[in-house]
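> Questions regarding the structure given below will be posed in turn.
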Amino acid sequence: MLAREVFGPLGGIVEIGAVSATGTWSVGAASVGELVSRRRDEVGRLLDLVRGIGGFSPATMAIADELGYLREHEVTAPALLLWSGAVEGIPPRLEDLEQRDVVRRMCHMAADLQMTYLLQALITAAVVSGGDVRQGAARIVDVLTLASGLADEAGRTAPALVFRMWRVAHLPALLRPDAGTPEQGKAAFRAYDQALEALTTSA
């Protein structure tokens, strides 16, 4: 479950990056396979970091391939709508979702949303697996750097921004007095918050 929570948003990030890489915001011209092939070293490094963060077994890491997100597949405008949380809304004609400005907005929103989900999943995996917080936080920042580059080669997304979005979107719900998070878990999330703040502020 923890691995799937990482691989899900990563799949969205790759699809978003494939559309962004067209340079024209054309869904039909997007190629996940081409993006992954061209950025093979970064994708491999990212998956190695994820394995270390979560302490995932080879069988667990194989889920990434089983899900098919990193292989060539069709990218559709309705999928971008889902990745972006349907903020754009569903138009009367679905083909209107393929308009350049609409695709651009969906990709930007989806990148922000899925990068934030990815960070939440990475921190949760790190907390569950245990280990040194500083080392885990450094690995997480490396993943965010690589994933940001996949999502948008223009540099719109960056670890510091993703961290700030995560801290306001996810952390308060985990740390409120009435949250169901165990006290040990709260302490771990606070430790990662502090470590990530130090790393992204100095970046």
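In the structure tokens, the first chain shown is A, the next is B, and so on; residue numbers restart at 1 for each chain, and ligands run from 1 in the order shown.
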What's around Ala154 in chain A at 12 Å? Count only C-alpha atoms, leave out sequence neighbours fewer than 3 positions away in its own chain, and write the answer as a ChimeraX atom specification.
/A:17,20-23,108,148-151,157-158
> Mind writing the picked residues with N, CA and C atoms as a compact mmCIF listing (two decimals), in the first residue's frame?

```
# COMPACT_ATOMS: atom_id res chain seq x y z
N GLY A 17 4.59 15.30 -17.32
CA GLY A 17 5.85 15.65 -17.94
C GLY A 17 5.88 15.35 -19.43
N SER A 20 3.98 18.19 -21.03
CA SER A 20 4.77 19.41 -20.95
C SER A 20 5.95 19.38 -21.92
N ALA A 21 6.54 18.20 -22.10
CA ALA A 21 7.72 18.07 -22.96
C ALA A 21 7.40 18.29 -24.43
N THR A 22 6.13 18.24 -24.81
CA THR A 22 5.80 18.48 -26.21
C THR A 22 6.11 19.92 -26.62
N GLY A 23 6.08 20.84 -25.64
CA GLY A 23 6.31 22.24 -25.94
C GLY A 23 5.10 22.93 -26.53
N HIS A 108 -0.36 22.26 -14.89
CA HIS A 108 0.22 23.01 -13.78
C HIS A 108 -0.42 22.61 -12.46
N SER A 148 10.54 16.74 -9.98
CA SER A 148 10.23 18.09 -10.48
C SER A 148 10.73 18.26 -11.90
N GLY A 149 11.92 17.73 -12.17
CA GLY A 149 12.45 17.81 -13.53
C GLY A 149 11.65 17.01 -14.53
N LEU A 150 11.09 15.88 -14.09
CA LEU A 150 10.24 15.09 -14.97
C LEU A 150 8.92 15.80 -15.25
N ALA A 151 8.36 16.41 -14.23
CA ALA A 151 7.05 17.06 -14.37
C ALA A 151 7.13 18.29 -15.26
N THR A 157 8.41 23.73 -11.12
CA THR A 157 8.26 22.98 -9.88
C THR A 157 9.62 22.79 -9.23
N ALA A 158 9.68 22.93 -7.92
CA ALA A 158 10.94 22.80 -7.19
C ALA A 158 10.67 22.24 -5.80
```
> Leaving out Pro78 in chain A and any residue of its chain fewer than 6 positions from it, which residues lie within 10 Å of it when counting only C-alpha atoms, given as a list in words?
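With the cut-off at 10 Å, the set is Ser84, Ala86, Ile90, Leu94, Glu95, Leu97, Glu98 and Met106 of chain A.
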> Go ahead and dump the residues you just picked, N, CA, C and O atoms, as a PDB file, in the first residue's frame.

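Output file result17.pdb is given in full below:
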```pdb
ATOM      1  N   SER A  84      -5.402  16.431 -11.926  1.00  0.00           N
ATOM      2  CA  SER A  84      -5.460  17.809 -11.430  1.00  0.00           C
ATOM      3  C   SER A  84      -6.601  18.041 -10.448  1.00  0.00           C
ATOM      4  O   SER A  84      -6.880  19.182 -10.070  1.00  0.00           O
ATOM      5  N   ALA A  86      -9.782  17.685 -10.920  1.00  0.00           N
ATOM      6  CA  ALA A  86     -10.987  18.210 -11.579  1.00  0.00           C
ATOM      7  C   ALA A  86     -11.238  19.680 -11.269  1.00  0.00           C
ATOM      8  O   ALA A  86     -12.379  20.137 -11.304  1.00  0.00           O
ATOM      9  N   ILE A  90     -15.615  19.742 -15.779  1.00  0.00           N
ATOM     10  CA  ILE A  90     -15.928  18.917 -16.943  1.00  0.00           C
ATOM     11  C   ILE A  90     -16.787  19.729 -17.907  1.00  0.00           C
ATOM     12  O   ILE A  90     -17.918  20.088 -17.577  1.00  0.00           O
ATOM     13  N   LEU A  94     -16.161  17.004 -24.158  1.00  0.00           N
ATOM     14  CA  LEU A  94     -14.883  16.557 -23.597  1.00  0.00           C
ATOM     15  C   LEU A  94     -13.692  16.998 -24.441  1.00  0.00           C
ATOM     16  O   LEU A  94     -12.596  17.203 -23.920  1.00  0.00           O
ATOM     17  N   GLU A  95     -13.917  17.158 -25.761  1.00  0.00           N
ATOM     18  CA  GLU A  95     -12.807  17.578 -26.619  1.00  0.00           C
ATOM     19  C   GLU A  95     -12.296  18.977 -26.266  1.00  0.00           C
ATOM     20  O   GLU A  95     -11.157  19.331 -26.589  1.00  0.00           O
ATOM     21  N   LEU A  97     -11.427  19.847 -23.463  1.00  0.00           N
ATOM     22  CA  LEU A  97     -10.335  19.655 -22.506  1.00  0.00           C
ATOM     23  C   LEU A  97      -8.969  19.640 -23.196  1.00  0.00           C
ATOM     24  O   LEU A  97      -7.948  19.770 -22.539  1.00  0.00           O
ATOM     25  N   GLU A  98      -8.952  19.463 -24.519  1.00  0.00           N
ATOM     26  CA  GLU A  98      -7.696  19.385 -25.250  1.00  0.00           C
ATOM     27  C   GLU A  98      -7.217  20.746 -25.750  1.00  0.00           C
ATOM     28  O   GLU A  98      -6.179  20.829 -26.413  1.00  0.00           O
ATOM     29  N   MET A 106      -4.380  22.455 -16.554  1.00  0.00           N
ATOM     30  CA  MET A 106      -4.515  21.148 -15.900  1.00  0.00           C
ATOM     31  C   MET A 106      -3.146  20.588 -15.536  1.00  0.00           C
ATOM     32  O   MET A 106      -2.972  20.023 -14.452  1.00  0.00           O
TER      33      MET A 106
END
```
> Using only C-alpha atoms, which of A:Thr76, A:Gln99, A:Thr116, A:Gln194 sits nearest Trp166 in chain A?
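Nearest to Trp166 in chain A: A:Thr116.
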> Which is closest to Ala160 in chain A among A:Ala138, A:Asp178, A:Leu144, A:Ile16, if we use only C-alpha atoms?
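Closest candidate: A:Leu144.
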> Measuring between only C-alpha atoms, which one of A:Met61, A:Val127, A:Val50, A:Leu67 shows the shortest distance to Pro182 in chain A?
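Among A:Met61, A:Val127, A:Val50, A:Leu67, it is A:Val127 that comes nearest to Pro182 in chain A.
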